[in-house]
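With mmCIF, C-alpha atoms and all ligand atoms inside, this is run-v7.cif:
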data_final
#
loop_
_atom_site.group_PDB
_atom_site.id
_atom_site.type_symbol
_atom_site.label_atom_id
_atom_site.label_comp_id
_atom_site.auth_asym_id
_atom_site.auth_seq_id
_atom_site.Cartn_x
_atom_site.Cartn_y
_atom_site.Cartn_z
ATOM 1 C CA MET A 640 -1.152 -2.208 -17.803
ATOM 2 C CA ASN A 641 -4.505 -3.531 -16.690
ATOM 3 C CA HIS A 642 -7.327 -1.469 -18.109
ATOM 4 C CA LEU A 643 -10.418 -3.513 -17.420
ATOM 5 C CA ILE A 644 -13.561 -2.508 -19.312
ATOM 6 C CA VAL A 645 -16.811 -3.737 -17.742
ATOM 7 C CA ALA A 646 -19.189 -4.116 -20.675
ATOM 8 C CA SER A 647 -22.481 -5.773 -21.560
ATOM 9 C CA GLN A 648 -24.959 -5.687 -24.405
ATOM 10 C CA ASN A 649 -27.998 -4.990 -22.148
ATOM 11 C CA GLY A 650 -28.791 -2.308 -19.617
ATOM 12 C CA GLY A 651 -29.573 -3.303 -16.047
ATOM 13 C CA THR A 652 -27.129 -6.225 -16.158
ATOM 14 C CA GLY A 653 -25.341 -5.120 -13.014
ATOM 15 C CA ARG A 654 -22.266 -3.526 -14.678
ATOM 16 C CA THR A 655 -22.213 -0.618 -12.260
ATOM 17 C CA THR A 656 -22.909 -2.836 -9.257
ATOM 18 C CA LEU A 657 -20.082 -5.138 -10.344
ATOM 19 C CA SER A 658 -17.665 -2.271 -11.045
ATOM 20 C CA VAL A 659 -18.236 -0.576 -7.685
ATOM 21 C CA ASN A 660 -18.242 -3.694 -5.518
ATOM 22 C CA LEU A 661 -15.346 -5.388 -7.290
ATOM 23 C CA SER A 662 -13.257 -2.202 -7.022
ATOM 24 C CA TYR A 663 -14.020 -2.031 -3.317
ATOM 25 C CA ALA A 664 -13.186 -5.720 -2.794
ATOM 26 C CA LEU A 665 -9.873 -5.393 -4.654
ATOM 27 C CA ALA A 666 -8.932 -2.289 -2.681
ATOM 28 C CA SER A 667 -9.848 -3.869 0.644
ATOM 29 C CA ARG A 668 -7.496 -6.730 -0.310
ATOM 30 C CA GLY A 669 -4.727 -4.159 -0.725
ATOM 31 C CA ARG A 670 -4.843 -3.794 -4.519
ATOM 32 C CA ARG A 671 -4.689 -0.223 -5.790
ATOM 33 C CA VAL A 672 -7.655 0.604 -7.960
ATOM 34 C CA VAL A 673 -8.872 3.555 -10.011
ATOM 35 C CA LEU A 674 -12.549 3.199 -10.923
ATOM 36 C CA ILE A 675 -13.595 5.321 -13.911
ATOM 37 C CA ASP A 676 -17.246 6.128 -14.527
ATOM 38 C CA ALA A 677 -17.428 6.169 -18.320
ATOM 39 C CA ASP A 678 -21.227 5.906 -18.365
ATOM 40 C CA PRO A 679 -22.547 9.416 -19.109
ATOM 41 C CA LEU A 680 -25.509 8.628 -16.834
ATOM 42 C CA GLY A 681 -23.029 8.561 -13.950
ATOM 43 C CA GLY A 682 -24.401 5.482 -12.173
ATOM 44 C CA ALA A 683 -21.161 4.605 -10.390
ATOM 45 C CA GLY A 684 -20.932 8.154 -9.045
ATOM 46 C CA PHE A 685 -24.465 7.941 -7.642
ATOM 47 C CA SER A 686 -23.575 4.573 -6.080
ATOM 48 C CA LEU A 687 -20.634 6.060 -4.195
ATOM 49 C CA SER A 688 -20.933 9.737 -3.477
ATOM 50 C CA THR A 689 -23.279 12.699 -3.278
ATOM 51 C CA LYS A 690 -20.602 14.978 -4.783
ATOM 52 C CA ALA A 691 -19.531 12.898 -7.787
ATOM 53 C CA SER A 692 -22.376 14.115 -10.014
ATOM 54 C CA THR A 693 -21.199 17.735 -9.812
ATOM 55 C CA ALA A 694 -17.470 17.050 -10.164
ATOM 56 C CA GLN A 695 -15.357 17.252 -13.305
ATOM 57 C CA GLY A 696 -14.279 13.942 -14.708
ATOM 58 C CA PHE A 697 -13.737 11.469 -17.511
ATOM 59 C CA TYR A 698 -15.627 13.141 -20.381
ATOM 60 C CA ASP A 699 -14.187 16.568 -19.553
ATOM 61 C CA LEU A 700 -10.754 14.995 -20.002
ATOM 62 C CA ALA A 701 -11.863 13.304 -23.232
ATOM 63 C CA LEU A 702 -12.647 16.736 -24.731
ATOM 64 C CA ASP A 703 -8.919 17.517 -24.741
ATOM 65 C CA ARG A 704 -6.375 16.157 -27.188
ATOM 66 C CA ASP A 705 -3.531 16.570 -24.735
ATOM 67 C CA ILE A 706 -4.318 14.305 -21.847
ATOM 68 C CA ASP A 707 -2.201 15.263 -18.912
ATOM 69 C CA ARG A 708 -1.382 12.903 -16.020
ATOM 70 C CA VAL A 709 -1.367 15.811 -13.562
ATOM 71 C CA ARG A 710 -4.861 16.859 -14.626
ATOM 72 C CA VAL A 711 -6.161 13.276 -14.385
ATOM 73 C CA GLU A 712 -4.634 13.054 -10.910
ATOM 74 C CA SER A 713 -6.302 16.327 -9.890
ATOM 75 C CA LEU A 714 -9.740 14.984 -10.834
ATOM 76 C CA LEU A 715 -9.473 11.697 -8.918
ATOM 77 C CA LEU A 716 -11.733 11.584 -5.869
ATOM 78 C CA GLY A 717 -10.458 9.768 -2.796
ATOM 79 C CA THR A 718 -12.465 7.184 -0.868
ATOM 80 C CA ARG A 719 -12.224 5.865 2.683
ATOM 81 C CA LEU A 720 -9.747 3.312 1.368
ATOM 82 C CA PRO A 721 -6.426 4.914 0.366
ATOM 83 C CA GLU A 722 -6.071 2.199 -2.308
ATOM 84 C CA PHE A 723 -9.329 3.178 -4.055
ATOM 85 C CA LYS A 724 -9.766 6.335 -6.152
ATOM 86 C CA PHE A 725 -12.656 7.319 -8.350
ATOM 87 C CA LEU A 726 -12.902 9.367 -11.541
ATOM 88 C CA PRO A 727 -16.504 10.540 -12.061
ATOM 89 C CA ALA A 728 -18.180 10.888 -15.466
ATOM 90 C CA GLY A 729 -17.850 14.689 -15.380
ATOM 91 C CA HIS A 730 -19.749 17.779 -16.521
ATOM 92 C CA ALA A 731 -19.505 17.103 -20.266
ATOM 93 C CA ALA A 732 -21.334 13.807 -19.694
ATOM 94 C CA GLN A 733 -24.456 15.773 -18.733
ATOM 95 C CA GLN A 734 -24.514 17.800 -21.947
ATOM 96 C CA PRO A 735 -25.965 15.803 -24.844
ATOM 97 C CA ALA A 736 -24.656 18.232 -27.507
ATOM 98 C CA ILE A 737 -21.079 17.839 -26.271
ATOM 99 C CA MET A 738 -21.444 14.065 -26.051
ATOM 100 C CA ASP A 739 -22.783 13.920 -29.640
ATOM 101 C CA ARG A 740 -19.798 15.956 -30.817
ATOM 102 C CA LEU A 741 -17.384 13.760 -28.876
ATOM 103 C CA ASP A 742 -18.912 10.669 -30.418
ATOM 104 C CA GLN A 743 -17.928 11.993 -33.878
ATOM 105 C CA GLU A 744 -14.243 12.444 -32.972
ATOM 106 C CA PRO A 745 -12.175 9.971 -35.017
ATOM 107 C CA ASP A 746 -9.390 9.805 -32.407
ATOM 108 C CA LEU A 747 -11.697 9.235 -29.434
ATOM 109 C CA GLN A 748 -10.236 5.787 -28.771
ATOM 110 C CA ASP A 749 -6.740 7.252 -28.562
ATOM 111 C CA ARG A 750 -7.997 9.794 -26.053
ATOM 112 C CA PHE A 751 -9.711 7.110 -23.977
ATOM 113 C CA ARG A 752 -6.520 5.066 -24.040
ATOM 114 C CA ALA A 753 -4.489 8.119 -23.043
ATOM 115 C CA ILE A 754 -6.786 8.722 -20.042
ATOM 116 C CA PHE A 755 -6.512 5.085 -18.914
ATOM 117 C CA THR A 756 -2.724 5.234 -19.291
ATOM 118 C CA ALA A 757 -2.541 8.538 -17.417
ATOM 119 C CA ALA A 758 -4.714 7.042 -14.649
ATOM 120 C CA SER A 759 -2.255 4.119 -14.451
ATOM 121 C CA ASP A 760 0.606 6.607 -14.107
ATOM 122 C CA THR A 761 -0.916 8.575 -11.214
ATOM 123 C CA SER A 762 0.847 8.545 -7.865
ATOM 124 C CA LEU A 763 -1.491 5.836 -6.528
ATOM 125 C CA GLY A 764 0.207 3.471 -9.017
ATOM 126 C CA PRO A 765 -2.944 1.427 -9.570
ATOM 127 C CA ASP A 766 -2.710 -2.314 -10.151
ATOM 128 C CA VAL A 767 -5.874 -2.031 -12.188
ATOM 129 C CA VAL A 768 -8.043 0.663 -13.767
ATOM 130 C CA ILE A 769 -11.694 -0.449 -13.886
ATOM 131 C CA VAL A 770 -14.009 1.255 -16.366
ATOM 132 C CA ASP A 771 -17.800 1.195 -16.020
ATOM 133 C CA THR A 772 -19.487 1.708 -19.406
ATOM 134 C CA PRO A 773 -22.908 2.509 -20.863
ATOM 135 C CA ALA A 774 -24.998 -0.427 -22.112
ATOM 136 C CA GLY A 775 -24.587 -1.739 -25.626
ATOM 137 C CA VAL A 776 -21.857 -2.684 -28.066
ATOM 138 C CA ARG A 777 -22.007 0.175 -30.582
ATOM 139 C CA GLY A 778 -20.860 3.782 -30.440
ATOM 140 C CA LEU A 779 -19.344 4.851 -27.115
ATOM 141 C CA PRO A 780 -19.349 1.451 -25.391
ATOM 142 C CA TYR A 781 -17.669 -0.163 -28.414
ATOM 143 C CA ARG A 782 -14.991 2.512 -28.475
ATOM 144 C CA LEU A 783 -14.418 2.073 -24.751
ATOM 145 C CA MET A 784 -14.113 -1.689 -25.230
ATOM 146 C CA ARG A 785 -11.550 -1.114 -27.997
ATOM 147 C CA SER A 786 -9.477 1.094 -25.726
ATOM 148 C CA GLY A 787 -9.060 -1.384 -22.872
ATOM 149 C CA SER A 788 -6.549 -4.150 -22.296
ATOM 150 C CA HIS A 789 -9.142 -6.564 -20.857
ATOM 151 C CA LEU A 790 -12.906 -7.016 -20.914
ATOM 152 C CA LEU A 791 -14.999 -8.116 -17.974
ATOM 153 C CA LEU A 792 -18.379 -9.233 -19.238
ATOM 154 C CA PRO A 793 -21.309 -9.431 -16.824
ATOM 155 C CA GLN A 794 -24.130 -11.432 -18.398
ATOM 156 C CA LEU A 795 -27.735 -11.544 -17.208
ATOM 157 C CA ALA A 796 -28.641 -15.083 -16.138
ATOM 158 C CA HIS A 797 -32.086 -14.489 -17.666
ATOM 159 C CA PRO A 798 -33.577 -15.605 -20.964
ATOM 160 C CA LEU A 799 -32.977 -12.029 -22.210
ATOM 161 C CA GLY A 800 -29.253 -12.351 -21.479
ATOM 162 C CA LEU A 801 -29.074 -15.579 -23.410
ATOM 163 C CA ARG A 802 -31.059 -14.219 -26.375
ATOM 164 C CA THR A 803 -28.812 -11.181 -26.698
ATOM 165 C CA LEU A 804 -25.499 -13.033 -26.187
ATOM 166 C CA PRO A 805 -24.899 -13.226 -29.983
ATOM 167 C CA VAL A 806 -24.843 -9.408 -30.044
ATOM 168 C CA MET A 807 -21.864 -9.435 -27.666
ATOM 169 C CA LEU A 808 -20.181 -12.323 -29.506
ATOM 170 C CA ARG A 809 -20.399 -10.406 -32.800
ATOM 171 C CA ALA A 810 -18.869 -7.332 -31.145
ATOM 172 C CA LEU A 811 -16.021 -9.447 -29.743
ATOM 173 C CA ALA A 812 -15.394 -10.930 -33.196
ATOM 174 C CA GLN A 813 -15.424 -7.428 -34.704
ATOM 175 C CA LEU A 814 -12.862 -6.252 -32.130
ATOM 176 C CA ARG A 815 -10.636 -9.167 -33.053
ATOM 177 C CA THR A 816 -11.010 -8.478 -36.805
ATOM 178 C CA GLY A 817 -10.330 -4.761 -36.441
ATOM 179 C CA GLN A 818 -7.417 -4.910 -34.026
ATOM 180 C CA GLY A 819 -5.895 -8.386 -34.262
ATOM 181 C CA LYS A 820 -3.422 -8.911 -31.435
ATOM 182 C CA GLU A 821 -4.133 -5.382 -30.163
ATOM 183 C CA ALA A 822 -7.711 -6.388 -29.343
ATOM 184 C CA PRO A 823 -8.500 -6.503 -25.632
ATOM 185 C CA MET A 824 -8.327 -9.891 -23.944
ATOM 186 C CA ILE A 825 -11.372 -11.351 -22.276
ATOM 187 C CA ALA A 826 -10.803 -11.439 -18.529
ATOM 188 C CA GLY A 827 -14.006 -13.411 -18.178
ATOM 189 C CA VAL A 828 -17.778 -13.639 -17.972
ATOM 190 C CA VAL A 829 -19.629 -13.099 -14.692
ATOM 191 C CA LEU A 830 -23.212 -14.333 -14.476
ATOM 192 C CA THR A 831 -25.406 -11.780 -12.718
ATOM 193 C CA MET A 832 -28.905 -11.684 -11.210
ATOM 194 C CA VAL A 833 -28.613 -15.425 -10.645
ATOM 195 C CA GLU A 834 -31.631 -16.837 -8.815
ATOM 196 C CA PRO A 835 -30.461 -19.926 -6.954
ATOM 197 C CA GLY A 836 -32.921 -22.820 -7.173
ATOM 198 C CA VAL A 837 -35.208 -21.116 -9.721
ATOM 199 C CA PRO A 838 -35.609 -23.518 -12.680
ATOM 200 C CA VAL A 839 -35.492 -20.877 -15.452
ATOM 201 C CA SER A 840 -32.322 -19.371 -13.964
ATOM 202 C CA LEU A 841 -30.694 -22.806 -13.669
ATOM 203 C CA GLU A 842 -31.635 -23.612 -17.275
ATOM 204 C CA VAL A 843 -30.195 -20.315 -18.518
ATOM 205 C CA GLN A 844 -26.957 -20.874 -16.582
ATOM 206 C CA ARG A 845 -26.665 -24.341 -18.142
ATOM 207 C CA GLU A 846 -27.214 -22.929 -21.650
ATOM 208 C CA PHE A 847 -24.630 -20.183 -21.107
ATOM 209 C CA ARG A 848 -22.122 -22.836 -20.118
ATOM 210 C CA GLU A 849 -22.944 -24.850 -23.222
ATOM 211 C CA LEU A 850 -22.485 -21.858 -25.499
ATOM 212 C CA LEU A 851 -19.209 -20.493 -24.110
ATOM 213 C CA PRO A 852 -16.013 -22.307 -23.144
ATOM 214 C CA GLY A 853 -15.943 -23.146 -19.426
ATOM 215 C CA HIS A 854 -12.718 -21.266 -18.725
ATOM 216 C CA MET A 855 -14.404 -17.987 -19.693
ATOM 217 C CA PHE A 856 -16.630 -18.059 -16.599
ATOM 218 C CA PHE A 857 -15.654 -16.780 -13.208
ATOM 219 C CA ASP A 858 -16.608 -19.352 -10.554
ATOM 220 C CA ALA A 859 -18.180 -16.559 -8.545
ATOM 221 C CA GLN A 860 -21.600 -15.492 -9.770
ATOM 222 C CA ILE A 861 -23.766 -12.709 -8.481
ATOM 223 C CA PRO A 862 -27.152 -13.624 -7.035
ATOM 224 C CA ARG A 863 -30.232 -11.452 -7.278
ATOM 225 C CA ASP A 864 -30.432 -9.934 -3.826
ATOM 226 C CA ARG A 865 -32.444 -6.971 -2.585
ATOM 227 C CA GLU A 866 -29.428 -5.853 -0.559
ATOM 228 C CA PHE A 867 -28.070 -4.363 -3.793
ATOM 229 C CA LEU A 868 -31.018 -1.999 -3.943
ATOM 230 C CA GLN A 869 -30.434 -0.938 -0.343
ATOM 231 C CA ALA A 870 -26.708 -0.454 -0.987
ATOM 232 C CA SER A 871 -27.454 1.541 -4.130
ATOM 233 C CA GLN A 872 -29.893 3.767 -2.255
ATOM 234 C CA ALA A 873 -27.449 4.249 0.624
ATOM 235 C CA GLY A 874 -24.615 4.994 -1.838
ATOM 236 C CA VAL A 875 -22.224 2.368 -0.469
ATOM 237 C CA PRO A 876 -20.607 -0.855 -1.649
ATOM 238 C CA ILE A 877 -22.632 -3.791 -0.319
ATOM 239 C CA ALA A 878 -19.791 -4.745 2.065
ATOM 240 C CA LEU A 879 -20.344 -1.456 3.945
ATOM 241 C CA LEU A 880 -24.111 -1.830 4.286
ATOM 242 C CA GLN A 881 -23.867 -3.724 7.563
ATOM 243 C CA ARG A 882 -21.268 -3.980 10.256
ATOM 244 C CA HIS A 883 -21.123 -7.730 9.630
ATOM 245 C CA PRO A 884 -21.297 -8.012 5.836
ATOM 246 C CA SER A 885 -23.677 -10.580 4.350
ATOM 247 C CA ALA A 886 -22.643 -13.689 2.426
ATOM 248 C CA THR A 887 -23.450 -11.874 -0.837
ATOM 249 C CA ALA A 888 -20.888 -9.182 -0.012
ATOM 250 C CA PHE A 889 -18.133 -11.824 0.143
ATOM 251 C CA ILE A 890 -18.808 -12.938 -3.422
ATOM 252 C CA PHE A 891 -16.899 -9.862 -4.581
ATOM 253 C CA ASP A 892 -13.882 -10.986 -2.554
ATOM 254 C CA GLN A 893 -13.972 -14.272 -4.440
ATOM 255 C CA LEU A 894 -14.340 -12.416 -7.735
ATOM 256 C CA ALA A 895 -11.438 -10.146 -6.776
ATOM 257 C CA ALA A 896 -9.235 -13.144 -5.958
ATOM 258 C CA GLU A 897 -10.154 -14.818 -9.259
ATOM 259 C CA LEU A 898 -9.460 -11.619 -11.166
ATOM 260 C CA GLU A 899 -6.075 -11.159 -9.459
ATOM 261 C CA SER A 900 -5.146 -14.599 -10.673
ATOM 262 C CA ARG A 901 -6.474 -13.981 -14.211
ATOM 263 C CA LEU A 902 -4.588 -10.669 -14.466
ATOM 264 C CA ALA A 903 -1.520 -12.228 -12.820
ATOM 265 C CA LEU A 904 -1.494 -9.603 -10.084
ATOM 266 C CA ASN A 905 -0.101 -12.079 -7.568
ATOM 267 C CA ASN A 906 3.631 -11.641 -7.005
ATOM 268 C CA PRO A 907 5.423 -14.737 -8.202
ATOM 269 C CA GLY A 908 7.696 -16.264 -5.565
ATOM 270 C CA HIS A 909 5.592 -14.945 -2.690
ATOM 271 C CA GLU A 910 3.023 -17.753 -2.662
ATOM 272 C CA ASN A 911 4.451 -19.361 0.452
ATOM 273 C CA GLU A 912 4.645 -16.218 2.525
ATOM 274 C CA PHE A 913 2.323 -16.865 5.422
ATOM 275 C CA THR A 914 2.224 -16.265 9.114
ATOM 276 C CA ARG A 915 1.389 -19.161 11.414
ATOM 277 C CA LEU A 916 -1.591 -18.659 13.709
ATOM 278 C CA MET A 917 0.342 -19.962 16.730
ATOM 279 C CA ASP A 918 3.917 -20.523 17.828
HETATM 280 N N1 LIG A 1001 -27.542 -8.892 -8.184
HETATM 281 C C1 LIG A 1001 -28.495 -7.968 -8.049
HETATM 282 N N2 LIG A 1001 -29.633 -8.242 -7.364
HETATM 283 C C2 LIG A 1001 -30.628 -7.329 -7.245
HETATM 284 N N3 LIG A 1001 -30.557 -6.102 -7.742
HETATM 285 C C3 LIG A 1001 -29.456 -5.752 -8.434
HETATM 286 C C4 LIG A 1001 -28.363 -6.662 -8.622
HETATM 287 N N4 LIG A 1001 -27.393 -6.035 -9.353
HETATM 288 C C5 LIG A 1001 -27.859 -4.810 -9.597
HETATM 289 N N5 LIG A 1001 -29.080 -4.629 -9.053
HETATM 290 C C6 LIG A 1001 -29.927 -3.433 -9.133
HETATM 291 O O1 LIG A 1001 -30.411 -3.383 -10.479
HETATM 292 C C7 LIG A 1001 -30.322 -2.071 -10.995
HETATM 293 C C8 LIG A 1001 -29.393 -2.054 -12.206
HETATM 294 O O2 LIG A 1001 -28.077 -2.409 -11.777
HETATM 295 P P1 LIG A 1001 -26.797 -1.658 -12.350
HETATM 296 O O3 LIG A 1001 -25.610 -2.203 -11.662
HETATM 297 O O4 LIG A 1001 -27.022 -0.193 -12.315
HETATM 298 O O5 LIG A 1001 -26.837 -2.187 -13.855
HETATM 299 P P2 LIG A 1001 -26.180 -1.586 -15.180
HETATM 300 O O6 LIG A 1001 -25.041 -0.743 -14.752
HETATM 301 O O7 LIG A 1001 -25.762 -2.796 -15.965
HETATM 302 O O8 LIG A 1001 -27.256 -0.837 -15.879
HETATM 303 C C9 LIG A 1001 -29.845 -1.195 -9.841
HETATM 304 O O9 LIG A 1001 -30.963 -0.663 -9.208
HETATM 305 C C10 LIG A 1001 -29.122 -2.168 -8.932
HETATM 306 O O10 LIG A 1001 -29.175 -1.744 -7.569
HETATM 307 MG MG MG A 1002 -24.577 1.227 -15.062
#
Take the structure I supplied and represent it as structure tokens, if you would.
Amino acid sequence: MNHLIVASQNGGTGRTTLSVNLSYALASRGRRVVLIDADPLGGAGFSLSTKASTAQGFYDLALDRDIDRVRVESLLLGTRLPEFKFLPAGHAAQQPAIMDRLDQEPDLQDRFRAIFTAASDTSLGPDVVIVDTPAGVRGLPYRLMRSGSHLLLPQLAHPLGLRTLPVMLRALAQLRTGQGKEAPMIAGVVLTMVEPGVPVSLEVQREFRELLPGHMFFDAQIPRDREFLQASQAGVPIALLQRHPSATAFIFDQLAAELESRLALNNPGHENEFTRLMD
């Protein structure tokens, strides 16, 4: 099962942007995806739909001990792509008292895991469940990270991202100490808000690559681009903003292809299946 938790130590890193656009890119490549908005602020919902903020969803399910596949299925919202379904944050997410109570539940991780598993078992038969999380590495985000099978780690290509990297590294070490082999695997690090040709950004990218092993990084990195603001305002993935999507939109196709390879979603033995252009 591929339960991919998109997590970062800072807010405004582009977690939601990455979650929404990567889910869309995977689905448009034919992968079946359930995107779960596990950020109580509901950012992914706002980025996709006008109805998501009033719908039941993830945290309503988390209030129950018996997580039921049928109920999870009933709360999934469809998108224009049959391969892409969305589970919004839900009503409970908007009620601080309920969220505080939920945060105290000792078996919350088991419930999160049960929801991800139930989402995997829905009739869509998703290849991957992608989970957008709140910022930080304590409390809710930490428990979400613990409940996943893989972590996707967007990191700000800014001095702030670099300065706070140790916070994430400590959380990863803590996950490993607490769970051993059960700890989620790192699917990889994606540099975000990259400013091509800007010296500080280049310097930060270089330092990131010195601090972490090279294989942890996705080749694709996400540039700072005002199109993201327009897409966010319009409530669409960036690939749907224009009839002829921009170069930035295609970066998520590259990310999707890299992720498919990292999660071994490609069917072995089918590599040479191609259709010739002519004859
Ligand atoms: N690569 C980018 N370039 C420019 N703006 C971006 C980029 N990624 C995200 N944004 C904008 O920055 C803000 C925060 O992004 P978001 O994805 O919500 O971050 P997070 O979920 O980590 O808090 C949003 O307004 C979003 O539209
Ligand atoms: Mg967000």
Set out as CSV a contact list for chain A and ligand MG 1002 (chain A) with a cut-off of 6 Å, giving each residue of chain A that qualifies its closest atom pair and distance in Å to one decimal, counting only C-alpha atoms and all ligand atoms, ordered by chain and rising residue number.
residue,atom,partner,partner_atom,distance
A:Arg654,CA,A:MG1002,MG,5.3
A:Thr655,CA,A:MG1002,MG,4.1
A:Gly682,CA,A:MG1002,MG,5.1
**Prompt:** Mind listing the residues within 6 Å of ligand LIG 1001 (chain A), all atoms listed in the file counted, as a ChimeraX atom specification?
**Reply:** /A:650-656,831-832,861-865,867-868,871
**Message:** Taking the file as I've supplied it (selection: the PyMOL selection byres (((chain A and resi 723) around 12) and not hetatm)), which residues are included? Please answer as a ChimeraX atom specification.
**Reply:** /A:659-675,687,715-722,724-726,763-769
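CA of Val711 in chain A sits 6.4 Å away from CA of Ala758 in chain A.
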Name the residues that the PyMOL selection byres (((chain A and resi 880) around 12) and not hetatm) picks from the file above, as a short mmCIF file (atom, residue, chain, number, x, y, z; two decimals) with C-alpha atoms, in the coordinates of the input, using the file's chain letters and numbers.
data_model
loop_
_atom_site.label_atom_id
_atom_site.label_comp_id
_atom_site.auth_asym_id
_atom_site.auth_seq_id
_atom_site.Cartn_x
_atom_site.Cartn_y
_atom_site.Cartn_z
CA ASN A 660 -18.24 -3.69 -5.52
CA ARG A 865 -32.44 -6.97 -2.58
CA GLU A 866 -29.43 -5.85 -0.56
CA PHE A 867 -28.07 -4.36 -3.79
CA LEU A 868 -31.02 -2.00 -3.94
CA GLN A 869 -30.43 -0.94 -0.34
CA ALA A 870 -26.71 -0.45 -0.99
CA SER A 871 -27.45 1.54 -4.13
CA GLN A 872 -29.89 3.77 -2.26
CA ALA A 873 -27.45 4.25 0.62
CA GLY A 874 -24.62 4.99 -1.84
CA VAL A 875 -22.22 2.37 -0.47
CA PRO A 876 -20.61 -0.86 -1.65
CA ILE A 877 -22.63 -3.79 -0.32
CA ALA A 878 -19.79 -4.74 2.06
CA LEU A 879 -20.34 -1.46 3.94
CA GLN A 881 -23.87 -3.72 7.56
CA ARG A 882 -21.27 -3.98 10.26
CA HIS A 883 -21.12 -7.73 9.63
CA PRO A 884 -21.30 -8.01 5.84
CA SER A 885 -23.68 -10.58 4.35
CA THR A 887 -23.45 -11.87 -0.84
CA ALA A 888 -20.89 -9.18 -0.01
#
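Coordinates place CA of Ala774 in chain A at a distance of 5.9 Å from CA of Ser647 in chain A.
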**Asked** Could you state the separation of CA of Leu799 in chain A and CA of Ala812 in chain A in Å, given to one decimal place?
**Response**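 Between CA of Leu799 in chain A and CA of Ala812 in chain A the gap works out to 20.8 Å.
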**Message:** Nearest residue to Thr761 in chain A out of A:Glu899, A:Glu834, A:Asp707, A:Asp858, using only C-alpha atoms?
**Reply:**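 Selected residue with least distance to Thr761 in chain A: A:Asp707.
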**Complete:** With distances taken over all atoms listed in the file, the candidate from A:Pro793, A:Pro798, A:Gly775, A:Gly836 nearest Met855 in chain A is A:Pro793
Give me the range 658-713 of chain A side of the contact with range 744-748 of chain A, cut-off 12 Å, one line per residue showing its nearest atom pair and distance in Å at one decimal, counting all atoms listed in the file, sorted by chain and residue number, as a tab-separated table.
residue	atom	partner	partner_atom	distance
A:Tyr698	CA	A:Leu747	CA	10.6
A:Leu700	CA	A:Leu747	CA	11.1
A:Ala701	CA	A:Leu747	CA	7.4
A:Leu702	CA	A:Leu747	CA	8.9
A:Asp703	CA	A:Leu747	CA	9.9
A:Arg704	CA	A:Asp746	CA	8.8
A:Asp705	CA	A:Asp746	CA	11.8
A:Ile706	CA	A:Leu747	CA	11.7
Please write out, as AutoDock Vina command-line options, where the centre of an axis-aligned box around all listed atoms of range 640-651 of chain A lies and how long its edges are, in Å to one decimal, after adding 5 Å on each side.
--center_x -15.4 --center_y -3.6 --center_z -20.2 --size_x 38.4 --size_y 14.3 --size_z 18.4
**Request:** Would you please work out which residue, of A:Ala810, A:Ala826, A:Met917, A:Val776, is nearest to Asn649 in chain A when using only C-alpha atoms?
**Result:**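 Of the candidates, the smallest distance to Asn649 in chain A is held by A:Val776.
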**9 Å contact set for Val843 in chain A, all atoms listed in the file, chain neighbours under 3 positions out, as a VMD selection string** = chain A and resid 796 to 798 800 to 801 838 to 840 846 to 848
**Message:** Counting all atoms listed in the file, which residue out of A:Ala886, A:Pro773, A:Leu830, A:Gly729 sits closest to Lys690 in chain A?
**Reply:**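 Result for the nearest residue to Lys690 in chain A: A:Gly729.
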**Item:** Non-local contacts of Phe751 in chain A (9 Å; all atoms listed in the file; under 6 positions in same chain excluded) as a VMD selection string
**Value:** chain A and resid 697 700 to 701 782 to 783 786 to 787
**Request:** Could you tell me which of A:Ala683, A:Arg777, A:Asp749, A:Ala757 comes closest to Pro727 in chain A if we count all atoms listed in the file?
**Result:** A:Ala683
**Residues matched by the PyMOL selection byres (((chain A and resi 857) around 9) and not hetatm), written as a list of chain:residue names** =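 This file, filtered by the PyMOL selection byres (((chain A and resi 857) around 9) and not hetatm), leaves A:Ala826, A:Gly827, A:Val828, A:Val829, A:Leu830, A:Gly853, A:His854, A:Met855, A:Phe856, A:Asp858, A:Ala859, A:Gln860, A:Leu894, A:Glu897, A:Leu898.
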Incomplete range 674-681 of chain A brought to N, CA and C atoms, written out as a compact mmCIF listing (two decimals), in the coordinates of the input:
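File produced: part20.txt:
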# COMPACT_ATOMS: atom_id res chain seq x y z
N LEU A 674 -11.29 3.50 -10.25
CA LEU A 674 -12.55 3.20 -10.92
C LEU A 674 -12.93 4.42 -11.74
N ILE A 675 -13.19 4.21 -13.03
CA ILE A 675 -13.60 5.32 -13.91
C ILE A 675 -15.06 5.13 -14.30
N ASP A 676 -15.85 6.17 -14.10
CA ASP A 676 -17.25 6.13 -14.53
C ASP A 676 -17.32 6.67 -15.94
N ALA A 677 -17.36 5.75 -16.91
CA ALA A 677 -17.43 6.17 -18.32
C ALA A 677 -18.85 6.02 -18.85
N ASP A 678 -19.82 5.88 -17.95
CA ASP A 678 -21.23 5.91 -18.36
C ASP A 678 -21.72 7.34 -18.17
N PRO A 679 -22.11 8.02 -19.26
CA PRO A 679 -22.55 9.42 -19.11
C PRO A 679 -23.68 9.58 -18.10
N LEU A 680 -24.44 8.51 -17.83
CA LEU A 680 -25.51 8.63 -16.83
C LEU A 680 -24.95 8.73 -15.41
N GLY A 681 -23.70 8.34 -15.23
CA GLY A 681 -23.03 8.56 -13.95
C GLY A 681 -23.48 7.63 -12.83
